[in-house]
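**Q** One structure, pasted below without further comment.
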Amino acid sequence: MSQDNSLLLSFYGDDFTGSTDAMEALAVSGLRTVLFLSPPSRKFLREKFADVRCVGVAGASRAMSPAEMDEHLAPVLEQLWALGAPITHYKVCSTFDSAPEVGSIGHVADLVRGSLARGQTLTVLAGAPPLRRYTVFGNHFAAAGDDVYRLDRHPTMSRHPVTPMHEADLRVHLSKQTQASIGLMPLPDLAGDTATVDEKHAARLAAKPDLLLYDVADEPSMRAVGRLLWKQCVATPHFAIGSSGVEYSLGAHWRTEGLAPAERARFPAVSPVKQLLVVSGSASPMTATQIRWAADNGFDCLRAPAAELCGGAAAEGAYRVLFESALGSLQSGRSVVVYSAEGPDDPSIAATRAVLTNAARDHGGATARLLGTALGRLARELLLRTGLRRLVVAGGDTSSYATQELGLYGLEMLSELTPGAPLCRGYSNDARFDGLEIALKGGQMGRADYFGMARGA
């Protein structure tokens, strides 16, 4: 496979909020990046996005079983790999949440090692210091509010409703998902002069691990990992698995090599709009805080009956009631938040699971798929009825399915809101949605006033 020198990197995001996170990391490095909903062909890129340097595909594999990955993910990765970029990246959440039965990162590693990158030691990188995510001696840490927690003690991720993280050592965590051998490039080995770091890195690779996990804790270690990662793709295309730390690390190195502008890119401030529509399937405590802020600051906050929306015969009636309520609020001039849960202890979560279990449909990602699709349909119909041109979707799994309902084929960053959750421009062949302004917010992302920031006031 020949490399296409116009592309520096291609990536697949395992959910939509994570995909926009990776896009932002590249865009702020001054590299034009477009995020698609399905893999673009080289011909399409040449005709419509000739100056693009990085290409992503926003996916939904975090909510997939291994069998679903084999059917739906494998061909997409093959198409991205065929674009010929020096690095292809399978982008996962910076909190690495996954499980053997749903969103298995280990299964993806096995897929890639069995087809695209045979005999290659795959890079694994979770740390992303700009997002306050750190890996030290293989153990992962993530911020929540003003504090940083070991992952298995994180107030959100240790209680995630689908993939709770009970193990901070990422090697141990991955070993439950794959039989692949896992090496570690620890923080001390990333310090020192280039020759010394290269020697230590070569020794790690000489052991021929199937996967090599890299520590990252600050700007110097991030830049060092970026250099080592880029060095590996000089002779042959390389495959990496990890967070947007991959993009941040490469961007830091590319700036030193002149492959990216020396100065960070600047984006225009968010322009204010009179009304904003938010749909949320997130169960994060941070999203709950943001919903409460919205309720205290002029938004109408409407609870979506999640169990009914996912519950078969009752779903359509529940949907119509919710639609009419939201439409009435919007037509009265109010901004609206439609949410399915207010934090991880919301009783709606257990009620929805009970409905799906009774219907024999509760298999990991079923809740995200059914609820996300319903919220996406709601957003689409409300936007069409009201003419609103700005939307926020909260919740990684929810965003993956909701965005598919909007008829968009691509996204590009417009403005910064909070690291990992920018405001984007939507591309669509449907003139009613082309140019839609949309932000996809992971559950733990943003300050309490994020929805106010997205409204521009």
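Residues in the structure tokens are numbered from 1 in each chain, the chains being A, B, ... in the order shown, and ligands are numbered from 1 in the order shown.
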Neighbours of Asp300 of chain A within 10 Å (only C-alpha atoms; same-chain residues fewer than 5 positions away dropped), as a list in words?
**A**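 With the cut-off at 10 Å, the set is Leu277, Ile291, Ala294, Ala295, Ala326, Ser329, Leu330, Arg334, Ser335, Val336, Val337 and Val338 of chain A.
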**Q** Run DSSP on the backbone and grab whatever in segment 345-452 of chain A lands in strand (DSSP E or B); send it over as an NGL selection string.
**A** :A and (390-394 or 410-415 or 423-427 or 437-441)
**Q** Those same residues - C-alpha atoms - I'd like them written as a compact mmCIF listing (two decimals), in the first residue's frame.
**A**
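Result file follows (part-v3.txt):
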```txt
# COMPACT_ATOMS: atom_id res chain seq x y z
CA ARG A 390 -27.71 25.09 16.50
CA LEU A 391 -27.87 21.83 18.44
CA VAL A 392 -25.99 20.18 21.30
CA VAL A 393 -26.03 16.41 21.81
CA ALA A 394 -24.72 15.23 25.19
CA GLY A 410 -19.39 15.34 7.72
CA LEU A 411 -18.34 17.81 10.42
CA GLU A 412 -15.64 20.45 10.69
CA MET A 413 -14.64 22.52 13.70
CA LEU A 414 -16.05 26.06 13.90
CA SER A 415 -15.32 27.36 17.40
CA LEU A 423 -18.85 23.67 18.05
CA CYS A 424 -18.84 22.22 14.54
CA ARG A 425 -20.24 22.92 11.10
CA GLY A 426 -22.28 20.10 9.63
CA TYR A 427 -22.06 19.07 5.97
CA GLU A 437 -24.03 24.13 13.95
CA ILE A 438 -23.66 21.17 16.28
CA ALA A 439 -21.66 20.34 19.39
CA LEU A 440 -21.25 16.76 20.58
CA LYS A 441 -20.40 16.68 24.28
```
**Q** Can you measure atom CA of Val34 of chain A to atom CA of Ala67 of chain A for me? One decimal in Å is fine.
**A**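 According to the coordinates, atom CA of Val34 of chain A and atom CA of Ala67 of chain A are separated by 28.7 Å.
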**Q** As a PyMOL selection string, please: all residues of segment 208-303 of chain A that backbone DSSP puts in helix (DSSP H, G or I).
**A** chain A and resi 219-232+245-257+285-296
**Q** Write the selection just made, keeping N, CA and C atoms, as an mmCIF file, in the first residue's frame?
**A**
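File produced: part-v1.cif:
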```cif
data_model
loop_
_atom_site.group_PDB
_atom_site.id
_atom_site.type_symbol
_atom_site.label_atom_id
_atom_site.label_comp_id
_atom_site.auth_asym_id
_atom_site.auth_seq_id
_atom_site.Cartn_x
_atom_site.Cartn_y
_atom_site.Cartn_z
ATOM 1 N N GLU A 219 3.593 17.834 28.863
ATOM 2 C CA GLU A 219 3.952 18.245 27.505
ATOM 3 C C GLU A 219 5.236 17.572 26.999
ATOM 4 N N PRO A 220 6.325 17.511 27.779
ATOM 5 C CA PRO A 220 7.533 16.850 27.271
ATOM 6 C C PRO A 220 7.326 15.373 26.948
ATOM 7 N N SER A 221 6.648 14.640 27.820
ATOM 8 C CA SER A 221 6.429 13.220 27.532
ATOM 9 C C SER A 221 5.485 13.051 26.356
ATOM 10 N N MET A 222 4.517 13.950 26.211
ATOM 11 C CA MET A 222 3.604 13.895 25.077
ATOM 12 C C MET A 222 4.370 14.120 23.760
ATOM 13 N N ARG A 223 5.250 15.091 23.763
ATOM 14 C CA ARG A 223 6.036 15.377 22.565
ATOM 15 C C ARG A 223 6.986 14.211 22.246
ATOM 16 N N ALA A 224 7.553 13.595 23.277
ATOM 17 C CA ALA A 224 8.459 12.465 23.069
ATOM 18 C C ALA A 224 7.714 11.281 22.450
ATOM 19 N N VAL A 225 6.508 11.008 22.944
ATOM 20 C CA VAL A 225 5.715 9.911 22.383
ATOM 21 C C VAL A 225 5.335 10.223 20.937
ATOM 22 N N GLY A 226 4.987 11.476 20.656
ATOM 23 C CA GLY A 226 4.664 11.850 19.288
ATOM 24 C C GLY A 226 5.812 11.586 18.335
ATOM 25 N N ARG A 227 7.023 11.899 18.772
ATOM 26 C CA ARG A 227 8.191 11.653 17.932
ATOM 27 C C ARG A 227 8.398 10.160 17.688
ATOM 28 N N LEU A 228 8.274 9.356 18.748
ATOM 29 C CA LEU A 228 8.457 7.912 18.604
ATOM 30 C C LEU A 228 7.379 7.300 17.716
ATOM 31 N N LEU A 229 6.169 7.789 17.853
ATOM 32 C CA LEU A 229 5.067 7.284 17.035
ATOM 33 C C LEU A 229 5.291 7.623 15.561
ATOM 34 N N TRP A 230 5.685 8.864 15.284
ATOM 35 C CA TRP A 230 5.913 9.280 13.894
ATOM 36 C C TRP A 230 7.097 8.542 13.278
ATOM 37 N N LYS A 231 8.100 8.275 14.087
ATOM 38 C CA LYS A 231 9.286 7.571 13.597
ATOM 39 C C LYS A 231 8.935 6.170 13.095
ATOM 40 N N GLN A 232 7.940 5.545 13.725
ATOM 41 C CA GLN A 232 7.588 4.172 13.357
ATOM 42 C C GLN A 232 6.882 4.075 12.011
ATOM 43 N N GLY A 245 -4.980 11.797 22.795
ATOM 44 C CA GLY A 245 -3.569 11.945 23.116
ATOM 45 C C GLY A 245 -2.692 11.597 21.927
ATOM 46 N N VAL A 246 -3.156 10.699 21.054
ATOM 47 C CA VAL A 246 -2.424 10.392 19.824
ATOM 48 C C VAL A 246 -2.280 11.654 18.985
ATOM 49 N N GLU A 247 -3.403 12.359 18.785
ATOM 50 C CA GLU A 247 -3.376 13.585 17.983
ATOM 51 C C GLU A 247 -2.593 14.701 18.669
ATOM 52 N N TYR A 248 -2.788 14.870 19.966
ATOM 53 C CA TYR A 248 -2.053 15.905 20.678
ATOM 54 C C TYR A 248 -0.543 15.629 20.659
ATOM 55 N N SER A 249 -0.151 14.376 20.814
ATOM 56 C CA SER A 249 1.272 14.023 20.811
ATOM 57 C C SER A 249 1.886 14.225 19.430
ATOM 58 N N LEU A 250 1.190 13.753 18.405
ATOM 59 C CA LEU A 250 1.700 13.949 17.054
ATOM 60 C C LEU A 250 1.763 15.434 16.704
ATOM 61 N N GLY A 251 0.721 16.189 17.080
ATOM 62 C CA GLY A 251 0.715 17.618 16.800
ATOM 63 C C GLY A 251 1.908 18.315 17.440
ATOM 64 N N ALA A 252 2.229 17.940 18.678
ATOM 65 C CA ALA A 252 3.372 18.544 19.370
ATOM 66 C C ALA A 252 4.661 18.253 18.615
ATOM 67 N N HIS A 253 4.808 17.017 18.107
ATOM 68 C CA HIS A 253 6.008 16.676 17.346
ATOM 69 C C HIS A 253 6.000 17.330 15.970
ATOM 70 N N TRP A 254 4.849 17.320 15.292
ATOM 71 C CA TRP A 254 4.779 17.917 13.953
ATOM 72 C C TRP A 254 5.158 19.391 13.973
ATOM 73 N N ARG A 255 4.836 20.084 15.047
ATOM 74 C CA ARG A 255 5.213 21.498 15.130
ATOM 75 C C ARG A 255 6.730 21.663 15.134
ATOM 76 N N THR A 256 7.419 20.756 15.795
ATOM 77 C CA THR A 256 8.885 20.850 15.828
ATOM 78 C C THR A 256 9.495 20.497 14.485
ATOM 79 N N GLU A 257 8.791 19.728 13.663
ATOM 80 C CA GLU A 257 9.306 19.287 12.368
ATOM 81 C C GLU A 257 8.826 20.158 11.213
ATOM 82 N N PRO A 285 -22.412 12.772 36.126
ATOM 83 C CA PRO A 285 -22.670 13.823 37.117
ATOM 84 C C PRO A 285 -22.431 15.222 36.563
ATOM 85 N N MET A 286 -21.441 15.373 35.662
ATOM 86 C CA MET A 286 -21.189 16.698 35.094
ATOM 87 C C MET A 286 -22.359 17.142 34.224
ATOM 88 N N THR A 287 -22.896 16.233 33.404
ATOM 89 C CA THR A 287 -24.062 16.606 32.605
ATOM 90 C C THR A 287 -25.238 16.952 33.505
ATOM 91 N N ALA A 288 -25.402 16.242 34.616
ATOM 92 C CA ALA A 288 -26.472 16.571 35.562
ATOM 93 C C ALA A 288 -26.294 17.986 36.103
ATOM 94 N N THR A 289 -25.059 18.353 36.392
ATOM 95 C CA THR A 289 -24.776 19.711 36.851
ATOM 96 C C THR A 289 -25.123 20.727 35.770
ATOM 97 N N GLN A 290 -24.815 20.392 34.525
ATOM 98 C CA GLN A 290 -25.111 21.293 33.405
ATOM 99 C C GLN A 290 -26.614 21.428 33.167
ATOM 100 N N ILE A 291 -27.352 20.353 33.374
ATOM 101 C CA ILE A 291 -28.812 20.424 33.248
ATOM 102 C C ILE A 291 -29.393 21.328 34.332
ATOM 103 N N ARG A 292 -28.888 21.179 35.555
ATOM 104 C CA ARG A 292 -29.376 22.028 36.644
ATOM 105 C C ARG A 292 -29.032 23.491 36.382
ATOM 106 N N TRP A 293 -27.838 23.756 35.849
ATOM 107 C CA TRP A 293 -27.470 25.137 35.503
ATOM 108 C C TRP A 293 -28.447 25.689 34.466
ATOM 109 N N ALA A 294 -28.750 24.867 33.443
ATOM 110 C CA ALA A 294 -29.660 25.319 32.398
ATOM 111 C C ALA A 294 -31.036 25.654 32.975
ATOM 112 N N ALA A 295 -31.528 24.791 33.873
ATOM 113 C CA ALA A 295 -32.843 25.035 34.480
ATOM 114 C C ALA A 295 -32.864 26.328 35.282
ATOM 115 N N ASP A 296 -31.717 26.672 35.856
ATOM 116 C CA ASP A 296 -31.627 27.897 36.662
ATOM 117 C C ASP A 296 -31.364 29.141 35.815
#
```
**Q** Residues within 12 Å of Met445 of chain A, please, as a count of residues only. Count only C-alpha atoms; anything in the same chain fewer than 6 positions from it doesn't count.
**A** 33
**Q** Can you work out the spacing between atom CA of Gly376 of chain A and atom CA of Val278 of chain A in Å, to one decimal?
**A**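 Straight-line distance from atom CA of Gly376 of chain A to atom CA of Val278 of chain A works out to 10.6 Å.
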**Q** Which of these, A:Val148, A:Leu73, A:Met165, A:Leu187, has the shortest distance to Asp97 of chain A once you count only C-alpha atoms?
**A**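 For Asp97 of chain A, the nearest of the candidates is A:Met165.
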**Q** Env of Ala85 of chain A: 12 Å cut, atoms = only C-alpha atoms, seq-sep filter 5 positions within chain, self excluded. Answer as an MDAnalysis selection string.
**A** chainID A and resid 1:11 42 52:56 79:80 230 233:234 236:239
**Q** Find the residue from A:Arg32, A:Leu384, A:Ala341, A:Leu375 that sits nearest to Ala260 of chain A; use only C-alpha atoms when measuring.
**A**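 Of A:Arg32, A:Leu384, A:Ala341, A:Leu375, the one nearest Ala260 of chain A, counting only C-alpha atoms, is A:Arg32.
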**Q** Which residue is closest to Leu408 of chain A? Choose from A:Leu436, A:Leu174, A:Val102, A:Ala109 and count only C-alpha atoms.
**A**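 The closest residue to Leu408 of chain A is A:Leu436.
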**Q** Looking at only C-alpha atoms, which of A:Ala306, A:Leu190, A:Val162, A:Leu170 is the one that sits closest to Arg150 of chain A?
**A**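 So, comparing all the options, the nearest one is A:Leu170.
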**Q** Please provide as a list in words all residues within 8 Å of Leu382 of chain A, with the sequence filter that same-chain residues fewer than 2 positions apart are discarded (counting only C-alpha atoms).
**A**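 Surrounding residues, per the criterion: Phe323, Ala326, Leu327, Leu378, Ala379, Arg380, Leu384, Arg385 and Thr386 of chain A.
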**Q** Find the spatial neighbours of Leu77 of chain A, counting only C-alpha atoms, within a cut-off of 10 Å - ignore same-chain residues fewer than 2 positions away - and output them as a PDB file with N, CA and C atoms, in the first residue's frame.
**A**
```pdb
ATOM      1  N   SER A  10      -5.329   9.291   9.418  1.00  0.00           N
ATOM      2  CA  SER A  10      -6.760   8.980   9.351  1.00  0.00           C
ATOM      3  C   SER A  10      -7.149   8.330  10.673  1.00  0.00           C
ATOM      4  N   PHE A  11      -8.391   8.550  11.091  1.00  0.00           N
ATOM      5  CA  PHE A  11      -8.804   7.959  12.363  1.00  0.00           C
ATOM      6  C   PHE A  11     -10.272   7.560  12.325  1.00  0.00           C
ATOM      7  N   TYR A  12     -10.600   6.590  13.167  1.00  0.00           N
ATOM      8  CA  TYR A  12     -11.985   6.168  13.415  1.00  0.00           C
ATOM      9  C   TYR A  12     -12.262   6.421  14.879  1.00  0.00           C
ATOM     10  N   PRO A  39     -16.514   6.275   5.530  1.00  0.00           N
ATOM     11  CA  PRO A  39     -15.200   6.549   4.948  1.00  0.00           C
ATOM     12  C   PRO A  39     -15.306   7.211   3.574  1.00  0.00           C
ATOM     13  N   VAL A  57     -13.492   9.274  10.731  1.00  0.00           N
ATOM     14  CA  VAL A  57     -14.825   8.694  10.596  1.00  0.00           C
ATOM     15  C   VAL A  57     -15.408   8.552  11.997  1.00  0.00           C
ATOM     16  N   HIS A  72     -19.439  -4.663  11.282  1.00  0.00           N
ATOM     17  CA  HIS A  72     -19.577  -3.257  10.909  1.00  0.00           C
ATOM     18  C   HIS A  72     -18.279  -2.461  10.967  1.00  0.00           C
ATOM     19  N   LEU A  73     -17.417  -2.760  11.930  1.00  0.00           N
ATOM     20  CA  LEU A  73     -16.207  -1.972  12.111  1.00  0.00           C
ATOM     21  C   LEU A  73     -15.078  -2.394  11.185  1.00  0.00           C
ATOM     22  N   ALA A  74     -14.875  -3.691  11.045  1.00  0.00           N
ATOM     23  CA  ALA A  74     -13.731  -4.185  10.270  1.00  0.00           C
ATOM     24  C   ALA A  74     -13.664  -3.584   8.863  1.00  0.00           C
ATOM     25  N   PRO A  75     -14.768  -3.563   8.081  1.00  0.00           N
ATOM     26  CA  PRO A  75     -14.667  -2.976   6.735  1.00  0.00           C
ATOM     27  C   PRO A  75     -14.362  -1.483   6.735  1.00  0.00           C
ATOM     28  N   GLN A  79     -11.131   0.428   4.910  1.00  0.00           N
ATOM     29  CA  GLN A  79     -11.232   1.557   3.989  1.00  0.00           C
ATOM     30  C   GLN A  79     -10.372   2.730   4.443  1.00  0.00           C
ATOM     31  N   LEU A  80     -10.304   2.980   5.743  1.00  0.00           N
ATOM     32  CA  LEU A  80      -9.441   4.044   6.242  1.00  0.00           C
ATOM     33  C   LEU A  80      -7.975   3.718   6.009  1.00  0.00           C
ATOM     34  N   TRP A  81      -7.607   2.498   6.304  1.00  0.00           N
ATOM     35  CA  TRP A  81      -6.224   2.044   6.087  1.00  0.00           C
ATOM     36  C   TRP A  81      -5.835   2.202   4.619  1.00  0.00           C
ATOM     37  N   ALA A  82      -6.780   1.955   3.724  1.00  0.00           N
ATOM     38  CA  ALA A  82      -6.517   2.041   2.289  1.00  0.00           C
ATOM     39  C   ALA A  82      -6.301   3.472   1.806  1.00  0.00           C
ATOM     40  N   THR A  88      -2.883   5.305  10.939  1.00  0.00           N
ATOM     41  CA  THR A  88      -4.313   5.103  11.104  1.00  0.00           C
ATOM     42  C   THR A  88      -4.573   4.898  12.599  1.00  0.00           C
ATOM     43  N   HIS A  89      -5.553   5.604  13.116  1.00  0.00           N
ATOM     44  CA  HIS A  89      -5.778   5.641  14.558  1.00  0.00           C
ATOM     45  C   HIS A  89      -7.193   5.181  14.879  1.00  0.00           C
ATOM     46  N   TYR A  90      -7.312   4.187  15.758  1.00  0.00           N
ATOM     47  CA  TYR A  90      -8.602   3.807  16.322  1.00  0.00           C
ATOM     48  C   TYR A  90      -8.761   4.608  17.600  1.00  0.00           C
ATOM     49  N   VAL A 108     -10.631  -5.027  19.027  1.00  0.00           N
ATOM     50  CA  VAL A 108     -10.183  -4.218  17.888  1.00  0.00           C
ATOM     51  C   VAL A 108      -8.707  -4.480  17.609  1.00  0.00           C
ATOM     52  N   LEU A 111      -8.479  -7.639  15.755  1.00  0.00           N
ATOM     53  CA  LEU A 111      -8.908  -7.455  14.373  1.00  0.00           C
ATOM     54  C   LEU A 111      -7.792  -6.880  13.513  1.00  0.00           C
ATOM     55  N   VAL A 112      -7.173  -5.826  14.017  1.00  0.00           N
ATOM     56  CA  VAL A 112      -6.144  -5.126  13.250  1.00  0.00           C
ATOM     57  C   VAL A 112      -4.906  -5.989  13.069  1.00  0.00           C
ATOM     58  N   LEU A 116      -4.854  -5.906   9.027  1.00  0.00           N
ATOM     59  CA  LEU A 116      -4.232  -4.722   8.461  1.00  0.00           C
ATOM     60  C   LEU A 116      -2.754  -4.586   8.805  1.00  0.00           C
TER      61      LEU A 116
END
```
**Q** How many Å separate atom CA of Lys43 of chain A from atom CA of Phe16 of chain A?
**A**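 If I compute the distance from atom CA of Lys43 of chain A to atom CA of Phe16 of chain A, I get 24.5 Å.
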**Q** Tell me which of A:Thr121, A:Thr403, A:Gln177, A:Ser280 sits closest to Ala207 of chain A, counting only C-alpha atoms.
**A**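 The shortest atom-to-atom distance to Ala207 of chain A comes from A:Thr121.
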**Q** Out of A:Pro209, A:Pro40, A:Gly372, A:Gly13, which residue has the shortest atom-to-atom distance to Tyr409 of chain A when counting only C-alpha atoms?
**A**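 Checking each candidate against Tyr409 of chain A, we get A:Pro40 as the closest.
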